[in-house]
Amino acid sequence: MSTGPGLESLVDQTISVITNDGRNIVGVLRGFDQATNIILDESHERVYSTKEGVQQLVLGLYIIRGDNISVVGELDEELDANLDLSKLRAHPLKPVGRWTISTLNGVFAMSRVFPLTMLMDEEEAVD
Amino acid sequence: MPSAAAPRRSAFSSPSHPCPSPSLSIYFAKMLFFSYFKELVGKEVTVELKNDLAIRGTLHSVDQYLNIKLENIRVVDQDKYPHMLSVRNCFIRGSVVRYVQLPPDGVDIDILHDATRREARGG
């Protein structure tokens, strides 16, 4: 059984995880499994905003369930050191959304839904 | 009822990759795209995710879940999405991919057609 690109090469490296709800969590990868569940040490969340610079919230040792992971990026320490996070302005990443089936006047409709709270965070209009 | 045949040899099956004999053709259907992406390793692709993020990079590897590893990435709209500025290589979970945009000359349409036809016959 082929295992293909594991996260093996990233163990003990600093990684940047993007979760399905649009969060960005940076930490040191300690372990993972086939379901892409991961153990992240010394982790912190980077909260992006259009109004102020990037906020870093310390989290510590985390297990992130694979279901909820979008991207695992290998953080280049050099590139990261050159970033001035306090100057960075950006909209938070969108959540991936979930498909749901509902009936509307007796007709089945399939649509992708997003958590309302996530979309209402920023008051600014997007140009 | 179609009998379970031995795994069909398509242009994409490789002896170095042993797969358990599929008893359902739907299982074998998963192998077609896996094999197809393996042919594309080394090519530049753009992966568009379900959260609208689009990442361009060189296809490094792919696995049975169609998880994708890209190297030397560049986010398509870097000003809008600076979230990955310090990332060079990344692992993208297959479940979150919406599209994989391929180079037009990266595809041998005929081989793909053949493999698909074989699948359709088997299913």
# chains A, B, ... in the order shown; residues from 1 in each chain; ligands from 1

call {"tool": "residues_around", "arguments": {"residues": "segment 16-33 of chain A", "least_positions_apart": "2", "cutoff": "8 Å", "atoms": "only C-alpha atoms", "output": "ChimeraX atom specification"}}
result
/A:7,10-14,35-47,68-75,92-97,118 /B:51,83-84,87

call {"tool": "write_last_selection", "arguments": {"atoms": "N, CA, C and O atoms", "output": "short mmCIF file (atom, residue, chain, number, x, y, z; two decimals), in the first residue's frame"}}
result
data_model
loop_
_atom_site.label_atom_id
_atom_site.label_comp_id
_atom_site.auth_asym_id
_atom_site.auth_seq_id
_atom_site.Cartn_x
_atom_site.Cartn_y
_atom_site.Cartn_z
N LEU A 7 3.83 13.28 6.03
CA LEU A 7 4.31 14.49 6.66
C LEU A 7 5.61 14.19 7.39
O LEU A 7 6.12 14.98 8.16
N LEU A 10 8.43 16.54 7.64
CA LEU A 10 8.19 17.78 8.36
C LEU A 10 8.25 17.63 9.88
O LEU A 10 8.10 18.61 10.60
N VAL A 11 8.44 16.38 10.34
CA VAL A 11 8.47 16.19 11.80
C VAL A 11 9.64 16.96 12.41
O VAL A 11 10.73 17.00 11.85
N ASP A 12 9.34 17.65 13.53
CA ASP A 12 10.29 18.50 14.25
C ASP A 12 10.61 19.79 13.49
O ASP A 12 11.52 20.53 13.88
N GLN A 13 9.86 20.04 12.40
CA GLN A 13 10.02 21.32 11.71
C GLN A 13 8.89 22.25 12.11
O GLN A 13 7.84 21.79 12.56
N THR A 14 9.09 23.54 11.88
CA THR A 14 8.02 24.49 12.14
C THR A 14 7.10 24.49 10.93
O THR A 14 7.54 24.59 9.79
N ALA A 35 -4.64 9.71 8.97
CA ALA A 35 -5.82 10.56 8.83
C ALA A 35 -5.45 12.04 8.85
O ALA A 35 -6.32 12.90 8.85
N THR A 36 -4.13 12.30 8.86
CA THR A 36 -3.60 13.66 8.94
C THR A 36 -3.92 14.35 10.26
O THR A 36 -3.88 15.58 10.33
N ASN A 37 -4.26 13.60 11.30
CA ASN A 37 -4.31 14.20 12.63
C ASN A 37 -2.88 14.60 12.94
O ASN A 37 -1.95 13.88 12.58
N ILE A 38 -2.68 15.75 13.58
CA ILE A 38 -1.31 16.15 13.89
C ILE A 38 -1.14 16.61 15.32
O ILE A 38 -2.08 17.06 15.97
N ILE A 39 0.08 16.46 15.78
CA ILE A 39 0.46 16.98 17.09
C ILE A 39 1.38 18.16 16.85
O ILE A 39 2.40 18.04 16.16
N LEU A 40 0.96 19.29 17.39
CA LEU A 40 1.68 20.53 17.15
C LEU A 40 2.19 21.08 18.47
O LEU A 40 1.41 21.33 19.39
N ASP A 41 3.50 21.28 18.57
CA ASP A 41 4.10 21.78 19.80
C ASP A 41 4.44 23.27 19.66
O ASP A 41 4.67 23.74 18.55
N GLU A 42 4.46 23.97 20.80
CA GLU A 42 4.81 25.40 20.82
C GLU A 42 3.99 26.18 19.79
O GLU A 42 4.53 26.99 19.04
N SER A 43 2.71 25.91 19.77
CA SER A 43 1.92 26.50 18.69
C SER A 43 1.32 27.84 19.07
O SER A 43 1.11 28.14 20.25
N HIS A 44 1.08 28.63 18.04
CA HIS A 44 0.37 29.89 18.23
C HIS A 44 -0.49 30.15 17.01
O HIS A 44 -0.18 29.69 15.90
N GLU A 45 -1.58 30.84 17.23
CA GLU A 45 -2.47 31.15 16.12
C GLU A 45 -2.16 32.55 15.62
O GLU A 45 -1.93 33.46 16.41
N ARG A 46 -2.15 32.71 14.31
CA ARG A 46 -1.95 34.04 13.73
C ARG A 46 -3.30 34.52 13.23
O ARG A 46 -3.88 33.93 12.33
N VAL A 47 -3.79 35.58 13.85
CA VAL A 47 -5.09 36.12 13.49
C VAL A 47 -4.89 37.32 12.58
O VAL A 47 -4.27 38.32 12.98
N ASN A 68 -10.19 18.49 9.98
CA ASN A 68 -10.30 19.93 10.00
C ASN A 68 -9.11 20.64 9.35
O ASN A 68 -9.02 21.85 9.37
N ILE A 69 -8.20 19.87 8.75
CA ILE A 69 -6.99 20.48 8.18
C ILE A 69 -7.10 20.65 6.68
O ILE A 69 -7.51 19.73 5.96
N SER A 70 -6.74 21.84 6.19
CA SER A 70 -6.71 22.13 4.75
C SER A 70 -5.30 22.00 4.22
O SER A 70 -5.03 21.26 3.28
N VAL A 71 -4.39 22.78 4.82
CA VAL A 71 -3.02 22.85 4.30
C VAL A 71 -2.01 22.74 5.43
O VAL A 71 -2.21 23.31 6.51
N VAL A 72 -0.93 22.02 5.19
CA VAL A 72 0.20 22.01 6.11
C VAL A 72 1.39 22.53 5.33
O VAL A 72 1.85 21.91 4.38
N GLY A 73 1.87 23.72 5.72
CA GLY A 73 2.98 24.33 5.00
C GLY A 73 4.26 24.27 5.79
O GLY A 73 4.25 24.41 7.02
N GLU A 74 5.36 24.05 5.09
CA GLU A 74 6.67 24.05 5.75
C GLU A 74 7.10 25.50 5.88
O GLU A 74 7.30 26.20 4.88
N LEU A 75 7.22 25.97 7.11
CA LEU A 75 7.56 27.36 7.34
C LEU A 75 9.06 27.58 7.14
O LEU A 75 9.87 26.90 7.75
N PRO A 92 -9.36 37.61 7.01
CA PRO A 92 -9.15 36.24 7.46
C PRO A 92 -9.52 35.27 6.33
O PRO A 92 -10.34 35.62 5.47
N LEU A 93 -8.91 34.11 6.31
CA LEU A 93 -9.21 33.12 5.28
C LEU A 93 -10.64 32.64 5.42
O LEU A 93 -11.19 32.60 6.52
N LYS A 94 -11.23 32.27 4.28
CA LYS A 94 -12.61 31.79 4.34
C LYS A 94 -12.65 30.36 4.85
O LYS A 94 -11.71 29.59 4.63
N PRO A 95 -13.76 29.97 5.47
CA PRO A 95 -13.92 28.56 5.83
C PRO A 95 -14.22 27.77 4.56
O PRO A 95 -14.68 28.34 3.57
N VAL A 96 -13.94 26.45 4.57
CA VAL A 96 -14.16 25.67 3.33
C VAL A 96 -15.63 25.43 3.06
O VAL A 96 -16.02 25.19 1.94
N GLY A 97 -16.44 25.49 4.06
CA GLY A 97 -17.87 25.29 3.87
C GLY A 97 -18.24 23.82 3.81
O GLY A 97 -17.43 22.96 3.50
N MET A 118 -18.55 33.33 11.09
CA MET A 118 -17.28 33.50 10.40
C MET A 118 -17.35 34.61 9.37
O MET A 118 -16.41 35.33 9.15
N ASN B 51 -11.69 26.84 0.06
CA ASN B 51 -11.81 28.14 0.72
C ASN B 51 -11.37 29.25 -0.22
O ASN B 51 -11.07 30.37 0.21
N HIS B 83 -1.23 34.86 3.86
CA HIS B 83 -1.14 33.91 4.96
C HIS B 83 -0.04 32.88 4.78
O HIS B 83 0.35 32.23 5.72
N MET B 84 0.43 32.72 3.53
CA MET B 84 1.45 31.69 3.31
C MET B 84 2.75 32.27 2.77
O MET B 84 3.50 31.59 2.08
N VAL B 87 5.92 30.31 3.48
CA VAL B 87 5.89 28.88 3.18
C VAL B 87 6.42 28.62 1.77
O VAL B 87 5.98 29.27 0.82
#

call {"tool": "interface_residues", "arguments": {"of": "chain B", "to": "chain A", "cutoff": "10 Å", "atoms": "only C-alpha atoms", "output": "JSON, numbers by chain"}}
result
{"B": [16, 17, 18, 19, 20, 38, 49, 50, 51, 52, 53, 60, 61, 62, 63, 64, 65, 66, 67, 68, 69, 70, 71, 73, 79, 80, 81, 82, 83, 84, 85, 86, 87, 88, 89, 90, 91, 92, 93, 94, 95, 96, 97, 98]}

call {"tool": "select_by_dssp", "arguments": {"residues": "segment 54-108 of chain A", "states": "strand (DSSP E or B)", "output": "number ranges by chain"}}
result
A: 55-64, 69-75, 98-104, 107-108

call {"tool": "closest_residue", "arguments": {"among": "B:Tyr36, B:Met31, B:Gly57, B:Lys43", "to": "Pro104 of chain B", "atoms": "only C-alpha atoms"}}
result
B:Lys43

call {"tool": "atom_distance", "arguments": {"atom1": "atom CA of Ile55 of chain B", "atom2": "atom CA of Gly106 of chain B"}}
result
17.8 Å

call {"tool": "decode", "arguments": {"residues": "segment 31-68 of chain B", "atoms": "N, CA and C atoms", "output": "short mmCIF file (atom, residue, chain, number, x, y, z; two decimals), in the first residue's frame"}}
result
data_model
loop_
_atom_site.label_atom_id
_atom_site.label_comp_id
_atom_site.auth_asym_id
_atom_site.auth_seq_id
_atom_site.Cartn_x
_atom_site.Cartn_y
_atom_site.Cartn_z
N MET B 31 -8.05 4.65 -8.28
CA MET B 31 -6.66 4.49 -8.65
C MET B 31 -6.34 5.24 -9.93
N LEU B 32 -7.35 5.49 -10.77
CA LEU B 32 -7.07 6.13 -12.05
C LEU B 32 -6.50 7.52 -11.86
N PHE B 33 -7.13 8.33 -11.02
CA PHE B 33 -6.62 9.67 -10.82
C PHE B 33 -5.31 9.68 -10.05
N PHE B 34 -5.15 8.76 -9.15
CA PHE B 34 -3.89 8.61 -8.43
C PHE B 34 -2.77 8.34 -9.44
N SER B 35 -2.99 7.38 -10.32
CA SER B 35 -2.00 7.06 -11.35
C SER B 35 -1.77 8.27 -12.25
N TYR B 36 -2.86 8.94 -12.60
CA TYR B 36 -2.76 10.10 -13.47
C TYR B 36 -1.90 11.19 -12.85
N PHE B 37 -2.13 11.49 -11.59
CA PHE B 37 -1.34 12.53 -10.93
C PHE B 37 0.12 12.12 -10.79
N LYS B 38 0.36 10.84 -10.63
CA LYS B 38 1.76 10.40 -10.53
C LYS B 38 2.51 10.72 -11.81
N GLU B 39 1.78 10.65 -12.95
CA GLU B 39 2.41 11.00 -14.23
C GLU B 39 2.75 12.48 -14.28
N LEU B 40 2.03 13.29 -13.48
CA LEU B 40 2.23 14.74 -13.54
C LEU B 40 3.28 15.27 -12.58
N VAL B 41 3.89 14.37 -11.81
CA VAL B 41 4.90 14.83 -10.84
C VAL B 41 6.00 15.58 -11.57
N GLY B 42 6.38 16.76 -11.05
CA GLY B 42 7.40 17.58 -11.69
C GLY B 42 6.81 18.70 -12.52
N LYS B 43 5.50 18.63 -12.79
CA LYS B 43 4.87 19.68 -13.59
C LYS B 43 4.34 20.78 -12.68
N GLU B 44 4.18 21.98 -13.27
CA GLU B 44 3.61 23.12 -12.54
C GLU B 44 2.09 23.00 -12.56
N VAL B 45 1.48 23.04 -11.40
CA VAL B 45 0.02 23.00 -11.34
C VAL B 45 -0.47 24.09 -10.40
N THR B 46 -1.75 24.43 -10.55
CA THR B 46 -2.36 25.37 -9.61
C THR B 46 -3.50 24.63 -8.94
N VAL B 47 -3.45 24.57 -7.61
CA VAL B 47 -4.50 23.88 -6.86
C VAL B 47 -5.43 24.92 -6.27
N GLU B 48 -6.71 24.83 -6.62
CA GLU B 48 -7.69 25.75 -6.03
C GLU B 48 -8.42 25.00 -4.94
N LEU B 49 -8.46 25.60 -3.76
CA LEU B 49 -9.06 24.95 -2.60
C LEU B 49 -10.50 25.41 -2.41
N LYS B 50 -11.20 24.69 -1.54
CA LYS B 50 -12.60 25.02 -1.28
C LYS B 50 -12.78 26.32 -0.52
N ASN B 51 -11.69 26.84 0.06
CA ASN B 51 -11.81 28.14 0.72
C ASN B 51 -11.37 29.25 -0.22
N ASP B 52 -11.33 28.94 -1.52
CA ASP B 52 -11.01 29.89 -2.59
C ASP B 52 -9.53 30.24 -2.72
N LEU B 53 -8.71 29.70 -1.83
CA LEU B 53 -7.27 29.92 -1.93
C LEU B 53 -6.75 29.14 -3.15
N ALA B 54 -5.89 29.77 -3.96
CA ALA B 54 -5.31 29.09 -5.12
C ALA B 54 -3.80 29.09 -4.98
N ILE B 55 -3.20 27.91 -5.01
CA ILE B 55 -1.76 27.79 -4.79
C ILE B 55 -1.09 27.18 -6.02
N ARG B 56 -0.11 27.87 -6.54
CA ARG B 56 0.62 27.36 -7.71
C ARG B 56 1.94 26.78 -7.22
N GLY B 57 2.34 25.67 -7.82
CA GLY B 57 3.62 25.09 -7.42
C GLY B 57 3.95 23.87 -8.26
N THR B 58 5.11 23.30 -7.99
CA THR B 58 5.54 22.11 -8.72
C THR B 58 5.02 20.89 -7.97
N LEU B 59 4.36 20.00 -8.71
CA LEU B 59 3.81 18.81 -8.07
C LEU B 59 4.96 17.89 -7.63
N HIS B 60 5.04 17.72 -6.32
CA HIS B 60 6.13 16.90 -5.77
C HIS B 60 5.68 15.46 -5.59
N SER B 61 4.49 15.28 -5.04
CA SER B 61 3.98 13.93 -4.87
C SER B 61 2.49 13.93 -4.59
N VAL B 62 1.91 12.75 -4.74
CA VAL B 62 0.48 12.59 -4.51
C VAL B 62 0.29 11.23 -3.83
N ASP B 63 -0.79 11.07 -3.09
CA ASP B 63 -1.00 9.77 -2.45
C ASP B 63 -2.40 9.24 -2.76
N GLN B 64 -2.73 8.10 -2.17
CA GLN B 64 -3.98 7.41 -2.48
C GLN B 64 -5.21 8.27 -2.15
N TYR B 65 -5.08 9.22 -1.21
CA TYR B 65 -6.20 10.09 -0.88
C TYR B 65 -6.23 11.31 -1.79
N LEU B 66 -5.29 11.34 -2.75
CA LEU B 66 -5.11 12.51 -3.60
C LEU B 66 -4.69 13.74 -2.79
N ASN B 67 -4.04 13.51 -1.64
CA ASN B 67 -3.36 14.59 -0.96
C ASN B 67 -2.22 15.00 -1.89
N ILE B 68 -1.92 16.29 -1.92
CA ILE B 68 -0.93 16.81 -2.86
C ILE B 68 0.18 17.53 -2.13
#
